[in-house]
$ cat final.txt   # compact mmCIF, C-alpha atoms
# COMPACT_ATOMS: atom_id res chain seq x y z
CA MET A 1 -109.35 84.58 101.00
CA ASN A 2 -107.01 83.78 103.81
CA THR A 3 -108.00 83.41 107.41
CA LEU A 4 -108.30 86.89 108.81
CA PRO A 5 -108.20 88.16 112.33
CA THR A 6 -111.55 89.97 112.23
CA PRO A 7 -114.76 88.77 110.60
CA ASP A 8 -115.62 92.08 108.95
CA VAL A 9 -112.77 91.84 106.47
CA ALA A 10 -113.39 88.25 105.40
CA CYS A 11 -114.75 87.83 101.91
CA GLY A 12 -116.51 84.63 102.88
CA SER A 13 -114.84 82.54 100.21
CA GLN A 14 -111.35 81.22 99.71
CA HIS A 15 -110.23 84.26 97.84
CA CYS A 16 -111.19 87.87 97.61
CA ILE A 17 -113.51 88.52 94.70
CA THR A 18 -112.60 92.15 94.42
CA CYS A 19 -108.86 92.47 94.46
CA GLY A 20 -107.72 89.76 92.06
CA ASP A 21 -108.44 89.35 88.41
CA VAL A 22 -111.55 87.48 89.51
CA GLY A 23 -114.93 87.39 87.81
CA ASP A 24 -118.09 85.77 89.14
CA PRO A 25 -120.98 84.68 86.94
CA ARG A 26 -124.22 86.29 88.10
CA THR A 27 -127.72 86.02 86.66
CA VAL A 28 -129.76 89.18 86.08
CA VAL A 29 -132.99 89.22 88.12
CA ALA A 30 -134.22 92.77 87.53
CA VAL A 31 -132.94 95.84 85.67
CA ASP A 32 -133.04 99.54 86.60
CA ARG A 33 -132.26 101.00 83.15
CA ASP A 34 -132.32 104.63 84.24
CA ARG A 35 -129.58 104.14 86.83
CA GLU A 36 -127.74 101.47 84.78
CA LEU A 37 -127.93 99.05 87.69
CA ALA A 38 -129.21 95.47 87.88
CA LEU A 39 -130.20 93.17 90.71
CA CYS A 40 -128.26 89.95 90.12
CA ALA A 41 -128.14 86.55 91.80
CA GLY A 42 -124.99 84.50 92.39
CA PRO A 43 -124.77 80.69 92.17
CA ASP A 44 -125.75 80.45 95.87
CA GLY A 45 -128.75 82.77 95.38
CA THR A 46 -127.09 85.77 97.04
CA ARG A 47 -128.40 88.97 95.47
CA SER A 48 -126.49 92.17 94.90
CA THR A 49 -126.69 95.40 92.93
CA ILE A 50 -124.44 95.39 89.88
CA GLU A 51 -123.27 98.23 87.64
CA ILE A 52 -124.26 97.31 84.06
CA ALA A 53 -123.07 100.33 82.05
CA LEU A 54 -120.35 98.31 80.29
CA VAL A 55 -122.66 95.54 79.07
CA ALA A 56 -126.09 97.19 78.76
CA PRO A 57 -128.72 96.47 77.60
CA VAL A 58 -129.34 93.36 79.65
CA VAL A 59 -132.53 91.49 80.41
CA PRO A 60 -133.51 89.18 83.28
CA GLY A 61 -131.95 85.76 82.74
CA ASP A 62 -128.72 87.06 81.16
CA VAL A 63 -125.55 85.72 82.78
CA LEU A 64 -122.94 88.41 83.44
CA LEU A 65 -119.32 88.23 84.48
CA VAL A 66 -119.00 90.50 87.50
CA HIS A 67 -115.84 92.00 88.96
CA ALA A 68 -115.82 94.46 91.87
CA GLY A 69 -119.53 95.12 91.56
CA THR A 70 -119.36 95.85 87.84
CA ALA A 71 -120.39 93.57 84.98
CA ILE A 72 -117.41 93.50 82.62
CA ALA A 73 -118.76 90.97 80.11
CA ARG A 74 -121.78 88.96 79.16
CA LEU A 75 -121.20 85.22 79.26
CA GLU A 76 -121.98 83.50 76.02
CA ASP A 77 -121.73 79.96 74.77
CA GLN A 78 -118.56 79.11 72.86
CA PRO A 79 -119.14 79.31 69.11
CA MET B 80 -123.78 76.43 87.46
CA LYS B 81 -123.57 76.92 83.70
CA PHE B 82 -120.16 78.20 82.52
CA VAL B 83 -118.55 76.76 85.66
CA ASP B 84 -119.31 73.05 86.09
CA GLU B 85 -118.40 72.03 82.54
CA PHE B 86 -114.94 73.57 82.98
CA ARG B 87 -114.22 71.41 86.06
CA ASP B 88 -114.96 68.04 84.46
CA ALA B 89 -112.44 65.49 85.79
CA GLU B 90 -112.60 63.16 82.76
CA LEU B 91 -111.93 66.00 80.32
CA GLY B 92 -109.12 67.16 82.59
CA ARG B 93 -107.46 63.75 82.47
CA ALA B 94 -107.81 63.69 78.66
CA LEU B 95 -106.18 67.12 78.39
CA ALA B 96 -103.38 66.07 80.73
CA GLY B 97 -102.77 63.08 78.42
CA GLU B 98 -102.68 65.36 75.40
CA ILE B 99 -100.16 67.65 77.11
CA LEU B 100 -97.98 64.65 77.93
CA SER B 101 -97.97 63.70 74.26
CA GLN B 102 -96.97 67.25 73.23
CA VAL B 103 -93.81 67.66 75.30
CA GLN B 104 -90.41 66.66 73.99
CA PRO B 105 -88.48 64.50 76.44
CA GLY B 106 -85.35 66.28 77.61
CA ARG B 107 -86.75 69.75 77.00
CA HIS B 108 -87.78 71.90 79.96
CA TYR B 109 -90.78 74.18 79.41
CA LYS B 110 -91.19 77.27 81.57
CA LEU B 111 -94.55 79.02 81.20
CA MET B 112 -95.59 82.12 83.13
CA GLU B 113 -99.15 82.64 84.26
CA VAL B 114 -99.36 86.42 84.38
CA CYS B 115 -102.42 86.63 86.56
CA GLY B 116 -102.73 85.98 90.29
CA GLY B 117 -106.17 84.49 89.70
CA HIS B 118 -104.54 81.76 87.61
CA THR B 119 -101.98 81.11 90.34
CA HIS B 120 -104.80 80.68 92.82
CA SER B 121 -106.70 78.27 90.54
CA ILE B 122 -103.58 76.25 89.73
CA TYR B 123 -102.98 75.50 93.40
CA LYS B 124 -106.61 75.22 94.41
CA TYR B 125 -107.36 72.58 91.77
CA GLY B 126 -103.90 70.96 91.70
CA VAL B 127 -103.46 71.78 88.00
CA ASP B 128 -99.66 71.60 88.28
CA ASP B 129 -99.91 68.00 89.56
CA LEU B 130 -101.49 67.05 86.23
CA LEU B 131 -98.59 68.44 84.20
CA PRO B 132 -95.49 66.50 83.16
CA ALA B 133 -92.42 67.15 85.34
CA ASN B 134 -90.72 69.10 82.55
CA VAL B 135 -93.54 71.67 82.29
CA GLU B 136 -93.00 74.31 84.94
CA LEU B 137 -95.47 77.07 85.74
CA VAL B 138 -93.92 80.34 86.90
CA HIS B 139 -96.04 82.87 88.74
CA GLY B 140 -96.08 86.38 87.34
CA PRO B 141 -96.78 89.84 88.72
CA GLY B 142 -100.51 89.83 88.15
CA CYS B 143 -101.75 90.31 91.70
CA PRO B 144 -102.74 93.94 92.23
CA VAL B 145 -102.22 93.70 95.98
CA CYS B 146 -98.76 92.14 95.68
CA VAL B 147 -97.40 94.96 93.57
CA ILE B 148 -98.41 97.87 95.84
CA PRO B 149 -95.23 99.27 97.42
CA MET B 150 -94.92 99.82 101.15
CA GLY B 151 -94.79 103.61 100.85
CA ARG B 152 -98.17 103.63 99.15
CA VAL B 153 -99.66 101.71 102.10
CA ASP B 154 -98.09 104.25 104.47
CA ASP B 155 -99.70 107.06 102.44
CA GLY B 156 -103.08 105.35 102.74
CA ILE B 157 -102.68 104.94 106.50
CA ALA B 158 -101.73 108.62 106.85
CA LEU B 159 -104.93 109.56 105.02
CA ALA B 160 -107.01 107.15 107.10
CA HIS B 161 -105.78 108.77 110.32
CA ARG B 162 -106.99 112.24 109.28
CA ALA B 163 -109.87 113.55 111.37
CA GLY B 164 -113.22 113.13 109.67
CA VAL B 165 -112.00 110.65 107.04
CA ILE B 166 -113.61 107.27 106.33
CA PHE B 167 -111.04 105.25 104.39
CA THR B 168 -112.42 102.43 102.23
CA CYS B 169 -110.58 99.65 100.45
CA PHE B 170 -110.82 96.05 99.28
CA GLY B 171 -110.34 93.32 101.90
CA ASP B 172 -106.92 91.97 101.00
CA MET B 173 -105.45 95.46 100.94
CA MET B 174 -106.12 95.80 104.66
CA ARG B 175 -103.45 93.27 105.61
CA VAL B 176 -100.64 94.54 103.38
CA PRO B 177 -97.80 95.61 105.65
CA GLY B 178 -96.60 99.19 105.46
CA SER B 179 -93.44 100.32 107.20
CA ASN B 180 -95.37 100.90 110.40
CA GLY B 181 -98.18 98.37 110.31
CA SER B 182 -101.13 97.62 108.05
CA LEU B 183 -104.47 99.32 107.44
CA LEU B 184 -106.00 96.62 109.65
CA GLU B 185 -103.70 97.66 112.50
CA ALA B 186 -104.49 101.32 111.83
CA LYS B 187 -108.19 100.39 112.09
CA ALA B 188 -107.51 98.67 115.42
CA ALA B 189 -105.74 101.85 116.53
CA GLY B 190 -108.88 103.87 115.88
CA ALA B 191 -108.83 104.95 112.23
CA ASP B 192 -112.21 104.59 110.49
CA ILE B 193 -111.25 102.08 107.79
CA ARG B 194 -113.94 100.01 106.12
CA MET B 195 -113.73 97.08 103.72
CA VAL B 196 -115.83 97.31 100.58
CA TYR B 197 -116.59 94.81 97.83
CA SER B 198 -116.88 97.44 95.13
CA PRO B 199 -116.23 101.16 94.56
CA LEU B 200 -120.02 101.52 94.46
CA ASP B 201 -120.12 100.43 98.13
CA ALA B 202 -117.64 103.21 98.96
CA LEU B 203 -119.85 105.75 97.18
CA ARG B 204 -122.85 104.50 99.16
CA ILE B 205 -120.90 105.07 102.41
CA ALA B 206 -120.17 108.63 101.23
CA LYS B 207 -123.86 109.29 100.60
CA GLN B 208 -124.75 107.89 104.02
CA ASN B 209 -122.13 110.09 105.74
CA PRO B 210 -122.37 113.55 104.14
CA ASP B 211 -120.50 115.15 107.03
CA ARG B 212 -117.45 112.90 106.55
CA GLU B 213 -114.83 112.68 103.79
CA VAL B 214 -114.89 109.20 102.22
CA VAL B 215 -111.74 108.09 100.40
CA PHE B 216 -111.67 104.98 98.20
CA PHE B 217 -108.25 103.34 97.87
CA ALA B 218 -108.45 102.10 94.28
CA ILE B 219 -106.21 99.20 93.35
CA GLY B 220 -106.21 96.70 90.54
CA PHE B 221 -105.39 96.20 86.89
CA GLU B 222 -107.58 97.11 83.93
CA THR B 223 -110.18 94.63 85.19
CA THR B 224 -110.97 96.83 88.18
CA ALA B 225 -110.17 100.29 86.80
CA PRO B 226 -113.43 100.63 84.79
CA SER B 227 -115.41 99.95 87.95
CA THR B 228 -113.61 102.81 89.73
CA ALA B 229 -114.05 105.04 86.66
CA LEU B 230 -117.81 104.40 86.51
CA THR B 231 -118.14 105.13 90.22
CA LEU B 232 -116.25 108.42 89.87
CA LYS B 233 -118.52 109.41 86.97
CA ARG B 234 -121.54 108.51 89.10
CA ALA B 235 -120.16 110.50 92.07
CA ARG B 236 -119.79 113.56 89.90
CA ALA B 237 -123.18 113.15 88.24
CA GLU B 238 -124.89 112.76 91.61
CA GLY B 239 -122.88 115.61 93.19
CA VAL B 240 -121.37 113.52 95.99
CA ALA B 241 -118.83 116.13 97.06
CA ASN B 242 -117.42 114.22 100.05
CA PHE B 243 -116.16 111.29 97.91
CA SER B 244 -112.63 110.99 96.54
CA CYS B 245 -110.27 108.35 95.24
CA MET B 246 -106.65 107.53 96.01
CA CYS B 247 -105.82 105.94 92.70
CA SER B 248 -103.29 103.10 92.65
CA HIS B 249 -104.54 101.36 89.53
CA VAL B 250 -101.86 99.80 87.35
CA THR B 251 -101.65 98.59 83.78
CA ILE B 252 -100.50 95.14 82.71
CA VAL B 253 -98.38 95.70 79.60
CA PRO B 254 -95.48 97.83 81.02
CA PRO B 255 -94.54 95.32 83.77
CA LEU B 256 -94.70 92.48 81.24
CA ARG B 257 -92.32 94.36 79.00
CA ALA B 258 -90.06 95.07 82.00
CA LEU B 259 -90.09 91.36 82.85
CA LEU B 260 -89.27 90.39 79.29
CA GLU B 261 -86.31 92.78 79.36
CA SER B 262 -85.04 91.16 82.57
CA PRO B 263 -81.82 89.24 81.80
CA ASP B 264 -82.43 86.56 84.44
CA LEU B 265 -85.79 85.52 83.01
CA ARG B 266 -86.08 82.45 80.76
CA LEU B 267 -89.59 81.72 79.59
CA ASP B 268 -91.15 79.68 76.76
CA GLY B 269 -94.59 81.26 76.78
CA PHE B 270 -97.31 83.11 78.66
CA ILE B 271 -100.75 82.21 79.93
CA GLY B 272 -102.41 85.60 79.38
CA PRO B 273 -104.70 87.25 81.92
CA GLY B 274 -108.34 86.38 81.25
CA HIS B 275 -110.29 89.18 82.86
CA VAL B 276 -107.81 91.99 82.15
CA SER B 277 -108.20 90.92 78.53
CA THR B 278 -111.99 91.15 78.82
CA VAL B 279 -111.37 94.89 79.14
CA VAL B 280 -108.25 95.52 77.04
CA GLY B 281 -108.71 92.71 74.51
CA ALA B 282 -105.99 90.52 73.05
CA ARG B 283 -104.28 93.11 70.86
CA PRO B 284 -102.10 94.72 73.61
CA PHE B 285 -100.29 91.39 74.03
CA GLU B 286 -99.26 91.13 70.38
CA PHE B 287 -95.88 92.71 71.20
CA ILE B 288 -94.88 89.57 73.11
CA PRO B 289 -94.72 87.26 70.07
CA ALA B 290 -93.73 90.12 67.74
CA ASP B 291 -90.87 91.58 69.81
CA TYR B 292 -89.84 88.70 72.06
CA GLY B 293 -90.83 85.58 70.12
CA LYS B 294 -92.97 84.05 72.89
CA PRO B 295 -96.45 82.57 72.45
CA VAL B 296 -99.34 83.96 74.50
CA VAL B 297 -102.62 82.16 75.19
CA ILE B 298 -105.29 84.15 77.00
CA ALA B 299 -107.06 81.79 79.39
CA GLY B 300 -110.02 81.51 81.71
CA PHE B 301 -109.74 80.57 85.36
CA GLU B 302 -111.32 77.14 85.58
CA PRO B 303 -108.94 74.16 85.71
CA LEU B 304 -109.81 73.02 82.18
CA ASP B 305 -109.17 76.54 80.87
CA ILE B 306 -105.65 76.49 82.27
CA LEU B 307 -104.88 72.96 81.00
CA GLN B 308 -106.22 73.89 77.56
CA ALA B 309 -104.04 77.03 77.53
CA VAL B 310 -100.93 74.99 78.41
CA SER B 311 -101.77 72.59 75.59
CA MET B 312 -102.26 75.48 73.13
CA ILE B 313 -98.88 77.02 74.07
CA LEU B 314 -97.17 73.64 73.67
CA ARG B 315 -98.85 73.19 70.28
CA GLN B 316 -97.52 76.57 69.13
CA LEU B 317 -94.03 75.59 70.26
CA GLN B 318 -94.38 72.18 68.59
CA GLU B 319 -95.47 73.75 65.30
CA GLY B 320 -92.95 76.59 65.47
CA ARG B 321 -95.73 79.17 65.65
CA CYS B 322 -95.69 82.24 67.87
CA GLU B 323 -98.85 84.29 68.25
CA VAL B 324 -101.57 85.51 70.61
CA GLU B 325 -104.38 82.96 70.90
CA ASN B 326 -107.60 83.27 72.86
CA GLU B 327 -108.74 80.23 74.84
CA TYR B 328 -111.29 82.36 76.75
CA LYS B 329 -113.49 83.32 73.80
CA ARG B 330 -116.66 82.86 75.85
CA VAL B 331 -115.68 86.06 77.70
CA VAL B 332 -112.82 87.83 75.91
CA PRO B 333 -113.49 89.65 72.62
CA TYR B 334 -110.29 90.30 70.65
CA GLU B 335 -110.94 94.06 70.78
CA GLY B 336 -111.84 94.12 74.49
CA ASN B 337 -114.71 96.09 75.98
CA LEU B 338 -114.76 99.40 74.10
CA ARG B 339 -117.10 101.08 76.57
CA ALA B 340 -114.74 100.19 79.43
CA LEU B 341 -111.76 101.56 77.51
CA GLU B 342 -113.64 104.78 76.76
CA VAL B 343 -114.63 105.40 80.37
CA MET B 344 -111.07 104.68 81.53
CA ALA B 345 -109.68 107.11 78.96
CA GLU B 346 -112.09 109.79 80.20
CA VAL B 347 -111.42 109.38 83.92
CA PHE B 348 -107.75 108.34 84.08
CA GLU B 349 -104.42 109.30 82.60
CA LEU B 350 -101.06 107.55 82.80
CA ARG B 351 -98.61 108.54 85.51
CA PRO B 352 -95.11 109.21 84.16
CA HIS B 353 -93.91 106.33 86.35
CA PHE B 354 -95.21 104.17 89.19
CA GLU B 355 -93.36 102.10 91.76
CA TRP B 356 -93.98 98.34 91.80
CA ARG B 357 -93.01 96.19 94.72
CA GLY B 358 -90.06 94.07 93.72
CA LEU B 359 -89.87 95.54 90.22
CA GLY B 360 -89.06 99.18 91.03
CA PHE B 361 -90.25 102.18 89.02
CA ILE B 362 -91.85 101.35 85.66
CA SER B 363 -92.71 104.09 83.17
CA HIS B 364 -96.35 104.67 82.26
CA SER B 365 -97.52 101.73 84.34
CA GLY B 366 -99.85 103.47 86.80
CA LEU B 367 -103.04 105.47 86.46
CA LYS B 368 -104.09 108.72 88.13
CA LEU B 369 -107.25 110.76 87.76
CA SER B 370 -107.36 112.96 84.68
CA GLU B 371 -107.55 116.76 84.91
CA ALA B 372 -111.28 116.56 84.29
CA TYR B 373 -111.69 114.52 87.50
CA ALA B 374 -109.02 116.27 89.58
CA GLU B 375 -111.57 117.44 92.17
CA LEU B 376 -112.18 113.78 93.05
CA ASP B 377 -108.48 112.99 93.46
CA ALA B 378 -107.74 112.33 97.15
CA GLU B 379 -104.05 113.03 96.57
CA GLN B 380 -104.95 116.57 95.47
CA ARG B 381 -107.73 117.10 98.00
CA PHE B 382 -105.52 116.10 100.95
CA SER B 383 -101.80 116.38 101.43
CA VAL B 384 -100.45 112.85 100.99
CA PRO B 385 -96.89 112.36 102.24
CA GLY B 386 -95.70 110.41 99.13
CA VAL B 387 -93.59 108.06 101.23
CA ARG B 388 -90.90 105.82 99.67
CA VAL B 389 -89.89 102.80 101.68
CA ALA B 390 -87.46 100.04 100.69
CA ASP B 391 -88.82 96.48 100.86
CA PRO B 392 -87.74 94.45 103.94
CA LYS B 393 -84.35 92.85 103.34
CA ALA B 394 -85.51 89.33 104.17
CA CYS B 395 -88.38 89.58 101.68
CA GLN B 396 -87.82 88.12 98.22
CA CYS B 397 -91.19 89.10 96.73
CA GLY B 398 -89.33 90.76 93.86
CA GLU B 399 -87.70 87.52 92.74
CA VAL B 400 -90.99 85.65 93.22
CA LEU B 401 -92.85 88.26 91.14
CA LYS B 402 -90.28 87.95 88.38
CA GLY B 403 -90.54 84.16 88.51
CA VAL B 404 -86.83 83.88 89.30
CA ILE B 405 -87.48 81.85 92.44
CA LYS B 406 -90.42 79.71 93.56
CA PRO B 407 -92.28 80.86 96.68
CA TRP B 408 -90.82 78.12 98.88
CA GLU B 409 -87.30 79.12 97.86
CA CYS B 410 -87.69 82.45 99.69
CA LYS B 411 -85.67 82.49 102.91
CA VAL B 412 -88.67 83.40 105.08
CA PHE B 413 -91.44 81.40 103.34
CA GLY B 414 -93.63 79.61 105.88
CA THR B 415 -91.38 80.54 108.79
CA GLY B 416 -90.96 84.29 109.28
CA CYS B 417 -93.59 85.01 106.61
CA THR B 418 -97.01 83.34 106.80
CA PRO B 419 -100.54 84.47 105.80
CA GLU B 420 -101.21 85.28 109.45
CA ARG B 421 -98.02 87.38 109.76
CA PRO B 422 -96.90 88.35 106.27
CA ILE B 423 -93.61 90.13 105.63
CA GLY B 424 -94.11 90.52 101.90
CA THR B 425 -97.25 91.19 99.92
CA CYS B 426 -97.07 87.90 97.97
CA MET B 427 -98.11 86.25 101.24
CA VAL B 428 -100.89 88.73 101.98
CA SER B 429 -103.25 88.41 99.08
CA SER B 430 -104.80 85.05 98.36
CA GLU B 431 -103.94 85.77 94.71
CA GLY B 432 -100.29 86.15 95.74
CA ALA B 433 -98.02 83.28 94.70
CA CYS B 434 -96.73 82.68 98.23
CA ALA B 435 -100.15 82.63 99.90
CA ALA B 436 -101.56 80.41 97.16
CA TYR B 437 -98.68 77.98 97.58
CA TYR B 438 -98.85 78.13 101.37
CA ASN B 439 -102.59 77.49 101.43
CA PHE B 440 -102.86 74.82 98.77
CA GLY B 441 -99.44 73.53 97.83
CA ARG B 442 -97.20 73.04 100.81
CA PHE B 443 -98.31 69.49 101.57
CA ALA B 444 -97.90 68.41 97.96
CA ARG B 445 -94.40 69.84 98.02
CA GLU B 446 -93.57 67.94 101.19
CA ARG B 447 -94.61 64.77 99.37
CA GLU B 448 -92.25 65.64 96.53
CA VAL B 449 -89.39 66.12 98.97
CA VAL B 450 -90.07 62.75 100.61

$ encode --input "final.txt" --output "structure tokens"
Amino acid sequence: MNTLPTPDVACGSQHCITCGDVGDPRTVVAVDRDRELALCAGPDGTRSTIEIALVAPVVPGDVLLVHAGTAIARLEDQP
Amino acid sequence: MKFVDEFRDAELGRALAGEILSQVQPGRHYKLMEVCGGHTHSIYKYGVDDLLPANVELVHGPGCPVCVIPMGRVDDGIALAHRAGVIFTCFGDMMRVPGSNGSLLEAKAAGADIRMVYSPLDALRIAKQNPDREVVFFAIGFETTAPSTALTLKRARAEGVANFSCMCSHVTIVPPLRALLESPDLRLDGFIGPGHVSTVVGARPFEFIPADYGKPVVIAGFEPLDILQAVSMILRQLQEGRCEVENEYKRVVPYEGNLRALEVMAEVFELRPHFEWRGLGFISHSGLKLSEAYAELDAEQRFSVPGVRVADPKACQCGEVLKGVIKPWECKVFGTGCTPERPIGTCMVSSEGACAAYYNFGRFAREREVV
């Protein structure tokens, strides 16, 4: 993301993960099946709550492609 | 990290660049459009265009959801944000998009309660934490983001969060592509298709491009090797006289898309008769609004929204940039009157915008070319 005048609107990386067609790989750490949410870790270890309704069921260790707080795909090896 | 590092391998990149060089015909100029702003960003960030032969030109398409939001829509958002008792939430890049009388960031500085969120779920959390306030989420984005908004609206209804609503500015990718293809001043040889939009909608919606317009499409991922591979696949189609939709991004994109995402979108949204795009004008059936079933969560119905229409600034050539008619640096105000710090047009606001991506990563390379 670009340099911004106030720190509270900076995404902390070079581009905004939410507004573009951007997906981040995140690894599932724990799953709350009832609420269809998962605790996931990013490459730098940062943890966040992710909506998993579109890819459920998932298990810890799965790598998900996350966009705007929602997992839109499960990453799989190329056939 | 797995799925990332192997797609940034320099040796493989050089090999692919060599393959591309062997595929082009001398004397022929190839013009390929990357539809998605995420691709534009990656191309400049990793210098992908420097690896391509001089006669392969990448043109930047309309695939940045921030860049296409018209000024009047920003003004509508600001009007909502200034209402007493409202907490207005939106994604970060949206805050800097200029309306006719300033941006959301300036409205925040003037006292409006505007908060940046990373996901619609964050906006819902703010609503639950502030039951005495009305929390509006300004939803933008293509089909990649729309399911996230849809799931949050379903969750809001299921959990009875009555003070949450959505100002829906989601757009769909196919109508603007068709509008571009109908544009008489556009000359393209093929398309690098949007990777993550396709994760949701699949590859099938792009079949009209080869069928009706005779142009190859290769859906691609966002790592540098993905983009180089996609360029090579398009060139191979042209070389072999083929014209079809191919999927380079099979590790993420199923041909049919994500059926659950499509179902939830169909439940929560319906197409607007038309929607205004910055630089492209009104395009039929290109925007989403909340369906009748979710009308009580529609901020535009809950509050009176002015519905402002504002012409783009005269100096701004975002429209031509979005159509790929001119390169960012060919705009009259690029890097002078319009910079990421003080943007005139939205292509300079979002980091996925062609102008900002070029300004941030490409201007020095271009200066070298000029020398």

$ interface_residues --input "final.txt" --of "chain B" --to "chain A" --cutoff "7 Å" --atoms "all atoms listed in the file" --output "mmCIF file with C-alpha atoms, in the frame of the given file"
data_model
loop_
_atom_site.group_PDB
_atom_site.id
_atom_site.type_symbol
_atom_site.label_atom_id
_atom_site.label_comp_id
_atom_site.auth_asym_id
_atom_site.auth_seq_id
_atom_site.Cartn_x
_atom_site.Cartn_y
_atom_site.Cartn_z
ATOM 1 C CA MET B 80 -123.780 76.430 87.460
ATOM 2 C CA CYS B 115 -102.420 86.630 86.560
ATOM 3 C CA GLY B 116 -102.730 85.980 90.290
ATOM 4 C CA GLY B 117 -106.170 84.490 89.700
ATOM 5 C CA CYS B 143 -101.750 90.310 91.700
ATOM 6 C CA PRO B 144 -102.740 93.940 92.230
ATOM 7 C CA VAL B 145 -102.220 93.700 95.980
ATOM 8 C CA PHE B 170 -110.820 96.050 99.280
ATOM 9 C CA GLY B 171 -110.340 93.320 101.900
ATOM 10 C CA ASP B 172 -106.920 91.970 101.000
ATOM 11 C CA MET B 195 -113.730 97.080 103.720
ATOM 12 C CA TYR B 197 -116.590 94.810 97.830
ATOM 13 C CA SER B 198 -116.880 97.440 95.130
ATOM 14 C CA GLY B 220 -106.210 96.700 90.540
ATOM 15 C CA THR B 223 -110.180 94.630 85.190
ATOM 16 C CA THR B 224 -110.970 96.830 88.180
ATOM 17 C CA SER B 227 -115.410 99.950 87.950
ATOM 18 C CA HIS B 275 -110.290 89.180 82.860
ATOM 19 C CA VAL B 276 -107.810 91.990 82.150
ATOM 20 C CA THR B 278 -111.990 91.150 78.820
ATOM 21 C CA LYS B 329 -113.490 83.320 73.800
ATOM 22 C CA ARG B 330 -116.660 82.860 75.850
ATOM 23 C CA VAL B 331 -115.680 86.060 77.700
ATOM 24 C CA ARG B 339 -117.100 101.080 76.570
ATOM 25 C CA ALA B 340 -114.740 100.190 79.430
ATOM 26 C CA PRO B 419 -100.540 84.470 105.800
ATOM 27 C CA SER B 430 -104.800 85.050 98.360
ATOM 28 C CA GLU B 431 -103.940 85.770 94.710
#

$ residues_around --input "final.txt" --residues "Leu183 of chain B" --least-positions-apart "2" --cutoff "8 Å" --atoms "only C-alpha atoms" --output "PyMOL selection string"
chain B and resi 153+156-157+173-177+181+185-187+193

$ write_last_selection --input "final.txt" --atoms "C-alpha atoms" --output "PDB file, in the frame of the given file"
ATOM      1  CA  VAL B 153     -99.660 101.710 102.100  1.00  0.00           C
ATOM      2  CA  GLY B 156    -103.080 105.350 102.740  1.00  0.00           C
ATOM      3  CA  ILE B 157    -102.680 104.940 106.500  1.00  0.00           C
ATOM      4  CA  MET B 173    -105.450  95.460 100.940  1.00  0.00           C
ATOM      5  CA  MET B 174    -106.120  95.800 104.660  1.00  0.00           C
ATOM      6  CA  ARG B 175    -103.450  93.270 105.610  1.00  0.00           C
ATOM      7  CA  VAL B 176    -100.640  94.540 103.380  1.00  0.00           C
ATOM      8  CA  PRO B 177     -97.800  95.610 105.650  1.00  0.00           C
ATOM      9  CA  GLY B 181     -98.180  98.370 110.310  1.00  0.00           C
ATOM     10  CA  GLU B 185    -103.700  97.660 112.500  1.00  0.00           C
ATOM     11  CA  ALA B 186    -104.490 101.320 111.830  1.00  0.00           C
ATOM     12  CA  LYS B 187    -108.190 100.390 112.090  1.00  0.00           C
ATOM     13  CA  ILE B 193    -111.250 102.080 107.790  1.00  0.00           C
TER      14      ILE B 193
END

$ residues_around --input "final.txt" --residues "Ser48 of chain A" --least-positions-apart "5" --cutoff "7 Å" --atoms "all atoms listed in the file" --output "PyMOL selection string"
chain A and resi 39-41

$ atom_distance --input "final.txt" --atom1 "atom CA of Pro105 of chain B" --atom2 "atom CA of Tyr125 of chain B"
25.6 Å

$ atom_distance --input "final.txt" --atom1 "atom CA of Pro303 of chain B" --atom2 "atom CA of His118 of chain B"
9.0 Å

$ atom_distance --input "final.txt" --atom1 "atom CA of Ile148 of chain B" --atom2 "atom CA of Gly414 of chain B"
21.4 Å

$ residues_near_point --input "final.txt" --point "(-90.7, 90.7, 78.9)" --cutoff "12 Å" --atoms "all atoms listed in the file" --output "NGL selection string"
:B and (112 or 114 or 140-141 or 252-270 or 285 or 287-296 or 402-403)

$ closest_residue --input "final.txt" --among "B:Ser383, B:Val280, B:Leu95, B:Val412" --to "Glu342 of chain B" --atoms "all atoms listed in the file"
B:Val280

$ closest_residue --input "final.txt" --among "B:Val196, B:Ala237, B:Ala96, B:Ala433" --to "Ser121 of chain B" --atoms "only C-alpha atoms"
B:Ala433

$ residues_near_point --input "final.txt" --point "(-93.1, 66.1, 85.1)" --cutoff "12 Å" --atoms "only C-alpha atoms" --output "mmCIF file with C-alpha atoms, keeping the file's coordinate frame"
data_model
loop_
_atom_site.group_PDB
_atom_site.id
_atom_site.type_symbol
_atom_site.label_atom_id
_atom_site.label_comp_id
_atom_site.auth_asym_id
_atom_site.auth_seq_id
_atom_site.Cartn_x
_atom_site.Cartn_y
_atom_site.Cartn_z
ATOM 1 C CA ALA B 96 -103.380 66.070 80.730
ATOM 2 C CA ILE B 99 -100.160 67.650 77.110
ATOM 3 C CA LEU B 100 -97.980 64.650 77.930
ATOM 4 C CA VAL B 103 -93.810 67.660 75.300
ATOM 5 C CA GLN B 104 -90.410 66.660 73.990
ATOM 6 C CA PRO B 105 -88.480 64.500 76.440
ATOM 7 C CA GLY B 106 -85.350 66.280 77.610
ATOM 8 C CA ARG B 107 -86.750 69.750 77.000
ATOM 9 C CA HIS B 108 -87.780 71.900 79.960
ATOM 10 C CA TYR B 109 -90.780 74.180 79.410
ATOM 11 C CA LYS B 110 -91.190 77.270 81.570
ATOM 12 C CA ASP B 128 -99.660 71.600 88.280
ATOM 13 C CA ASP B 129 -99.910 68.000 89.560
ATOM 14 C CA LEU B 130 -101.490 67.050 86.230
ATOM 15 C CA LEU B 131 -98.590 68.440 84.200
ATOM 16 C CA PRO B 132 -95.490 66.500 83.160
ATOM 17 C CA ALA B 133 -92.420 67.150 85.340
ATOM 18 C CA ASN B 134 -90.720 69.100 82.550
ATOM 19 C CA VAL B 135 -93.540 71.670 82.290
ATOM 20 C CA GLU B 136 -93.000 74.310 84.940
ATOM 21 C CA LEU B 137 -95.470 77.070 85.740
ATOM 22 C CA GLU B 448 -92.250 65.640 96.530
#
